[in-house]
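*Asks:* Below you'll find the structure I mean.
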Amino acid sequence: MFEKEPHAHDTIRKIEGGKLETSVDLDKQLCFLQKMVEDLEKREVLLKDEEIKTLISHIESNEESFLVMRILINRLMEETNSMHDWVENGLYFDLVNDDLGKEKIFGGHKVNWNSEDRIKSRGFSKGYFDVDDGEIYIEGQAPEYGDIVRSLAQKGRLPQKLRILGHELIHVLQHSEELKKIKRPPSIELDEVQANRFVNNPPDRKTPDELIRRVGRGSRERLVRSIELIDKLNAFGFDTEEVSEMVTKHSTWDEENKTYIELEDIIKRKQNELGLSDDNLEKLVEIDRLERRAERYRVIAIAQEELLRWKDKEVADDS
Ligand SMILES: [Zn+2]
């Protein structure tokens, strides 16, 4: 139905494969995506929110929400890149194996749901990763499978509770045992921007101001620079593990140049390797944002198709 919609990171993969190089190509790609996202925003949805809610209550009362969610997640794995990071952080496996909300996740890091008291007492709002005991604390309980389907069908992304978990899992990566051996003071700004950009994956039009408000700590100057650099690293298609390693290893702030100089070097090297001018890199960052945005509509369409398929099957079974 939406075959022409690109996947996240399509363009960078084409550049890497030597299939796109000139700024003419990038301009064309940018225009194509802008037009596509505009059209997608105006598109009629298959199902209205109310219909989605009703269908999901039926699915829940038939005790089929896990089944529907698993079919959906597996389709998203096959047909989009939207689940990629969730495979890496292990959550995908928890979902398809019906392990969500059970004790252990991600290399043995325990996830403690319903931890509001502890979270508040440590001065956090919805969740945090405790570097000392290696456990994750999250407010409220794990979402029901029906909530996951609903969120994917309405918003094209996982529900907030799982995105908070995703945010904390990024902090787990940033503080891995191996990386802890590198005796270098972490940058709160880089760490939080990376985790926040992930949670908002696919990123909306989050202005630096909105993101800075969301992070709520750190220096403004460093946060603004962190956003710029993290967005570039993400646009290059580095995965979450690679970016976590980079922000942990290369967190040194250069006061004279007002930037994280080692990250700048990594970006420059990658730029040279791909033959991208500064101007073209800016275009690539915007292309990355649009590709992810388009993909979010694709997720909505697939989730709604699955709900309709379930409905048709129900009708067929009843008659
Ligand atoms: Zn955080």
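Following the order of the structure tokens, chains are lettered A, B, ..., residues in each are numbered from 1, and ligands are numbered from 1.
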Per residue of chain A within 8 Å of ligand 1, record the nearest atom pair and its distance in Å to one decimal, counting only C-alpha atoms and all ligand atoms, with rows in chain order and ascending residue number, as JSON lines.
*Replies:*
{"residue": "A:Tyr128", "atom": "CA", "partner": "ligand 1", "partner_atom_place_in_ligand_line": "1 (Zn)", "distance": 6.6}
{"residue": "A:Phe129", "atom": "CA", "partner": "ligand 1", "partner_atom_place_in_ligand_line": "1 (Zn)", "distance": 7.8}
{"residue": "A:His167", "atom": "CA", "partner": "ligand 1", "partner_atom_place_in_ligand_line": "1 (Zn)", "distance": 6.3}
{"residue": "A:Glu168", "atom": "CA", "partner": "ligand 1", "partner_atom_place_in_ligand_line": "1 (Zn)", "distance": 6.2}
{"residue": "A:His171", "atom": "CA", "partner": "ligand 1", "partner_atom_place_in_ligand_line": "1 (Zn)", "distance": 6.6}
{"residue": "A:Asp191", "atom": "CA", "partner": "ligand 1", "partner_atom_place_in_ligand_line": "1 (Zn)", "distance": 7.0}
{"residue": "A:Glu192", "atom": "CA", "partner": "ligand 1", "partner_atom_place_in_ligand_line": "1 (Zn)", "distance": 4.9}
{"residue": "A:Ala195", "atom": "CA", "partner": "ligand 1", "partner_atom_place_in_ligand_line": "1 (Zn)", "distance": 6.0}
{"residue": "A:Asn196", "atom": "CA", "partner": "ligand 1", "partner_atom_place_in_ligand_line": "1 (Zn)", "distance": 7.1}
{"residue": "A:Val215", "atom": "CA", "partner": "ligand 1", "partner_atom_place_in_ligand_line": "1 (Zn)", "distance": 7.4}
*Asks:* Could you save those same residues with C-alpha atoms as a PDB file, in the first residue's frame?
*Replies:*
ATOM      1  CA  TYR A 128      16.157   6.458  36.156  1.00  0.00           C
ATOM      2  CA  PHE A 129      19.057   4.072  35.830  1.00  0.00           C
ATOM      3  CA  HIS A 167      15.801   6.054  27.480  1.00  0.00           C
ATOM      4  CA  GLU A 168      17.160   4.287  30.578  1.00  0.00           C
ATOM      5  CA  HIS A 171      22.078   5.090  29.962  1.00  0.00           C
ATOM      6  CA  ASP A 191      24.209  11.455  27.636  1.00  0.00           C
ATOM      7  CA  GLU A 192      20.808  13.052  28.043  1.00  0.00           C
ATOM      8  CA  ALA A 195      18.776   9.236  25.378  1.00  0.00           C
ATOM      9  CA  ASN A 196      16.128  11.857  24.638  1.00  0.00           C
ATOM     10  CA  VAL A 215      16.422  17.404  29.884  1.00  0.00           C
TER      11      VAL A 215
END
*Asks:* Neighbours of Asp10 (chain A) within 10 Å (only C-alpha atoms; same-chain residues fewer than 5 positions away dropped), as a VMD selection string?
*Replies:* chain A and resid 15 81 237 287 to 288 291 to 292
*Asks:* Using only C-alpha atoms, which protein or nucleic acid residues come within 9 Å of Leu26 (chain A)? Drop anything in the same chain fewer than 3 positions from it, and give the result as a PyMOL selection string.
*Replies:* chain A and resi 11+20-23+29-31+280+283-284+287
*Asks:* Residues of region 17-228 of chain A in alpha helix (DSSP H) according to DSSP, as a PyMOL selection string?
*Replies:* chain A and resi 23-42+49-61+65-79+84-88+91-96+116-121+145-155+160-174+177-180+188-199+208-215+220-228
*Asks:* Keeping only C-alpha atoms, write the selected residues as a short mmCIF file (atom, residue, chain, number, x, y, z; two decimals), in the first residue's frame.
*Replies:*
data_model
loop_
_atom_site.label_atom_id
_atom_site.label_comp_id
_atom_site.auth_asym_id
_atom_site.auth_seq_id
_atom_site.Cartn_x
_atom_site.Cartn_y
_atom_site.Cartn_z
CA SER A 23 24.19 17.51 -3.99
CA VAL A 24 21.67 17.41 -6.84
CA ASP A 25 20.68 13.93 -5.70
CA LEU A 26 20.37 15.03 -2.09
CA ASP A 27 18.28 18.02 -3.10
CA LYS A 28 15.98 15.77 -5.08
CA GLN A 29 15.70 13.32 -2.20
CA LEU A 30 14.95 16.13 0.23
CA CYS A 31 12.17 17.55 -1.97
CA PHE A 32 10.72 14.08 -2.52
CA LEU A 33 10.60 13.41 1.23
CA GLN A 34 9.19 16.82 2.12
CA LYS A 35 6.37 16.30 -0.35
CA MET A 36 5.77 12.75 0.85
CA VAL A 37 5.58 13.70 4.52
CA GLU A 38 3.22 16.56 3.65
CA ASP A 39 0.95 14.12 1.79
CA LEU A 40 1.13 11.58 4.59
CA GLU A 41 0.13 14.20 7.14
CA LYS A 42 -3.00 14.93 5.13
CA ASP A 49 -9.08 6.64 17.49
CA GLU A 50 -12.49 5.56 18.76
CA GLU A 51 -12.57 2.56 16.39
CA ILE A 52 -9.07 1.58 17.43
CA LYS A 53 -10.09 1.66 21.08
CA THR A 54 -13.17 -0.47 20.46
CA LEU A 55 -11.27 -3.02 18.40
CA ILE A 56 -8.58 -3.33 21.04
CA SER A 57 -11.12 -3.92 23.81
CA HIS A 58 -12.56 -6.74 21.68
CA ILE A 59 -9.12 -8.18 21.16
CA GLU A 60 -8.44 -7.93 24.90
CA SER A 61 -11.69 -9.64 25.86
CA SER A 65 -3.76 -9.01 22.55
CA PHE A 66 -0.41 -10.75 22.93
CA LEU A 67 -0.97 -12.61 19.66
CA VAL A 68 -1.96 -9.48 17.74
CA MET A 69 0.95 -7.52 19.21
CA ARG A 70 3.42 -10.25 18.28
CA ILE A 71 2.20 -10.47 14.69
CA LEU A 72 2.39 -6.69 14.44
CA ILE A 73 5.88 -6.38 15.95
CA ASN A 74 7.17 -9.08 13.61
CA ARG A 75 5.63 -7.36 10.60
CA LEU A 76 7.28 -4.09 11.67
CA MET A 77 10.57 -5.95 11.91
CA GLU A 78 10.22 -7.23 8.37
CA GLU A 79 8.76 -4.21 6.67
CA HIS A 84 15.89 -1.90 14.91
CA ASP A 85 17.03 -0.12 18.09
CA TRP A 86 14.64 -2.20 20.14
CA VAL A 87 16.30 -5.38 18.94
CA GLU A 88 19.62 -3.99 20.01
CA LEU A 91 13.15 -5.15 24.30
CA TYR A 92 12.05 -6.74 21.02
CA PHE A 93 12.81 -10.18 22.44
CA ASP A 94 10.94 -9.42 25.65
CA LEU A 95 7.93 -8.45 23.60
CA VAL A 96 7.81 -11.42 21.27
CA GLU A 116 7.60 6.00 41.97
CA ASP A 117 8.73 6.50 45.59
CA ARG A 118 12.32 5.68 44.89
CA ILE A 119 12.34 7.76 41.69
CA LYS A 120 10.95 10.82 43.46
CA SER A 121 13.34 10.42 46.39
CA TYR A 145 0.04 -5.64 25.12
CA GLY A 146 -3.18 -3.95 24.00
CA ASP A 147 -1.67 -0.55 24.92
CA ILE A 148 1.31 -1.30 22.74
CA VAL A 149 -0.90 -2.09 19.74
CA ARG A 150 -2.97 1.03 20.41
CA SER A 151 0.06 3.30 20.59
CA LEU A 152 1.49 1.86 17.36
CA ALA A 153 -1.85 2.21 15.56
CA GLN A 154 -2.44 5.79 16.74
CA LYS A 155 1.03 7.30 16.98
CA GLN A 160 5.53 6.22 26.75
CA LYS A 161 6.42 3.68 29.45
CA LEU A 162 8.48 1.69 26.98
CA ARG A 163 10.09 4.81 25.62
CA ILE A 164 11.13 5.72 29.18
CA LEU A 165 12.58 2.23 29.48
CA GLY A 166 14.36 2.80 26.14
CA HIS A 167 15.80 6.05 27.48
CA GLU A 168 17.16 4.29 30.58
CA LEU A 169 18.56 1.45 28.46
CA ILE A 170 20.63 4.03 26.60
CA HIS A 171 22.08 5.09 29.96
CA VAL A 172 22.84 1.42 30.64
CA LEU A 173 24.85 1.32 27.40
CA GLN A 174 26.62 4.57 28.28
CA GLU A 177 31.26 -2.13 32.55
CA GLU A 178 33.60 -1.91 29.61
CA LEU A 179 33.07 1.79 29.07
CA LYS A 180 33.31 2.51 32.79
CA ILE A 188 25.42 14.92 31.23
CA GLU A 189 24.50 16.93 28.16
CA LEU A 190 25.65 14.34 25.60
CA ASP A 191 24.21 11.45 27.64
CA GLU A 192 20.81 13.05 28.04
CA VAL A 193 20.53 14.34 24.49
CA GLN A 194 21.34 10.91 23.09
CA ALA A 195 18.78 9.24 25.38
CA ASN A 196 16.13 11.86 24.64
CA ARG A 197 16.64 11.74 20.90
CA PHE A 198 16.18 7.99 21.12
CA VAL A 199 12.94 8.29 23.07
CA PRO A 208 16.62 22.76 21.05
CA ASP A 209 14.52 24.77 23.53
CA GLU A 210 11.98 21.98 23.94
CA LEU A 211 14.67 19.38 24.33
CA ILE A 212 16.58 21.53 26.84
CA ARG A 213 13.41 21.94 28.89
CA ARG A 214 12.88 18.20 28.77
CA VAL A 215 16.42 17.40 29.88
CA ARG A 220 22.61 25.32 27.56
CA GLU A 221 25.66 25.87 25.41
CA ARG A 222 26.68 22.24 25.71
CA LEU A 223 23.16 20.96 25.19
CA VAL A 224 22.78 22.91 21.96
CA ARG A 225 26.09 21.51 20.71
CA SER A 226 25.13 18.00 21.84
CA ILE A 227 21.91 18.13 19.84
CA GLU A 228 23.78 19.18 16.71
#
*Asks:* Under the rule that only C-alpha atoms are counted, which of A:Thr259, A:Asn114, A:Ser244, A:Ser187 is the nearest residue to Arg217 (chain A)?
*Replies:*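 For Arg217 (chain A), the nearest of the candidates is A:Ser187.
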*Asks:* By how many Å are CA of Ala316 (chain A) and CA of Val299 (chain A) apart?
*Replies:*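 Interatomic distance, CA of Ala316 (chain A) to CA of Val299 (chain A): 25.7 Å.
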*Asks:* Quick one: distance from CA of Gly275 (chain A) to CA of Gly17 (chain A) in Å, one decimal?
*Replies:* 12.5 Å
*Asks:* Tell me, as number ranges by chain, which residues lie within 10 Å of Glu264 (chain A), counting only C-alpha atoms; anything in the same chain fewer than 5 positions away does not count.
*Replies:* A: 229, 232-233, 250, 259, 269-270
*Asks:* Provide the CA of Lys181 (chain A) to CA of Met246 (chain A) distance in Å, to one decimal place.
*Replies:* 14.1 Å
*Asks:* With only C-alpha atoms as the basis for distance, which of A:Lys48, A:Gly156, A:Gly216, A:Glu64 is at the shortest distance from Phe124 (chain A)?
*Replies:*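 Distance minimum relative to Phe124 (chain A) lands on A:Gly216.
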*Asks:* Please extract the residues of region 40-168 of chain A with a backbone DSSP assignment of strand (DSSP E or B) and present them as a JSON list (two decimals) with N, CA and C atoms, in the first residue's frame.
*Replies:*
[["chain", "number", "residue", "atom", "x", "y", "z"],
["A", 104, "LYS", "N", 14.00, -9.78, 34.54],
["A", 104, "LYS", "CA", 15.28, -9.39, 33.97],
["A", 104, "LYS", "C", 15.17, -8.93, 32.52],
["A", 105, "ILE", "N", 15.98, -8.03, 32.17],
["A", 105, "ILE", "CA", 16.03, -7.57, 30.80],
["A", 105, "ILE", "C", 17.44, -7.06, 30.53],
["A", 109, "HIS", "N", 20.19, -6.62, 33.58],
["A", 109, "HIS", "CA", 19.79, -5.43, 34.33],
["A", 109, "HIS", "C", 18.32, -5.54, 34.71],
["A", 110, "LYS", "N", 18.07, -5.46, 35.99],
["A", 110, "LYS", "CA", 16.70, -5.63, 36.46],
["A", 110, "LYS", "C", 15.91, -4.35, 36.21],
["A", 111, "VAL", "N", 14.68, -4.53, 35.76],
["A", 111, "VAL", "CA", 13.79, -3.39, 35.57],
["A", 111, "VAL", "C", 12.75, -3.43, 36.69],
["A", 112, "ASN", "N", 12.77, -2.41, 37.54],
["A", 112, "ASN", "CA", 11.81, -2.33, 38.64],
["A", 112, "ASN", "C", 10.68, -1.39, 38.26],
["A", 127, "GLY", "N", 11.59, 7.97, 35.63],
["A", 127, "GLY", "CA", 12.41, 6.78, 35.68],
["A", 127, "GLY", "C", 13.87, 7.15, 35.78],
["A", 128, "TYR", "N", 14.72, 6.21, 36.19],
["A", 128, "TYR", "CA", 16.16, 6.46, 36.16],
["A", 128, "TYR", "C", 16.92, 5.15, 36.21],
["A", 129, "PHE", "N", 18.16, 5.22, 35.77],
["A", 129, "PHE", "CA", 19.06, 4.07, 35.83],
["A", 129, "PHE", "C", 20.02, 4.32, 36.99],
["A", 130, "ASP", "N", 20.02, 3.40, 37.94],
["A", 130, "ASP", "CA", 20.90, 3.55, 39.10],
["A", 130, "ASP", "C", 22.26, 2.95, 38.76],
["A", 135, "GLU", "N", 20.45, -1.21, 38.31],
["A", 135, "GLU", "CA", 19.05, -1.53, 38.04],
["A", 135, "GLU", "C", 18.30, -0.30, 37.51],
["A", 136, "ILE", "N", 17.21, -0.59, 36.80],
["A", 136, "ILE", "CA", 16.40, 0.49, 36.22],
["A", 136, "ILE", "C", 15.11, 0.62, 37.04],
["A", 137, "TYR", "N", 14.73, 1.85, 37.31],
["A", 137, "TYR", "CA", 13.51, 2.10, 38.09],
["A", 137, "TYR", "C", 12.54, 2.91, 37.24],
["A", 138, "ILE", "N", 11.31, 2.43, 37.14],
["A", 138, "ILE", "CA", 10.32, 3.12, 36.29],
["A", 138, "ILE", "C", 9.02, 3.29, 37.04]]
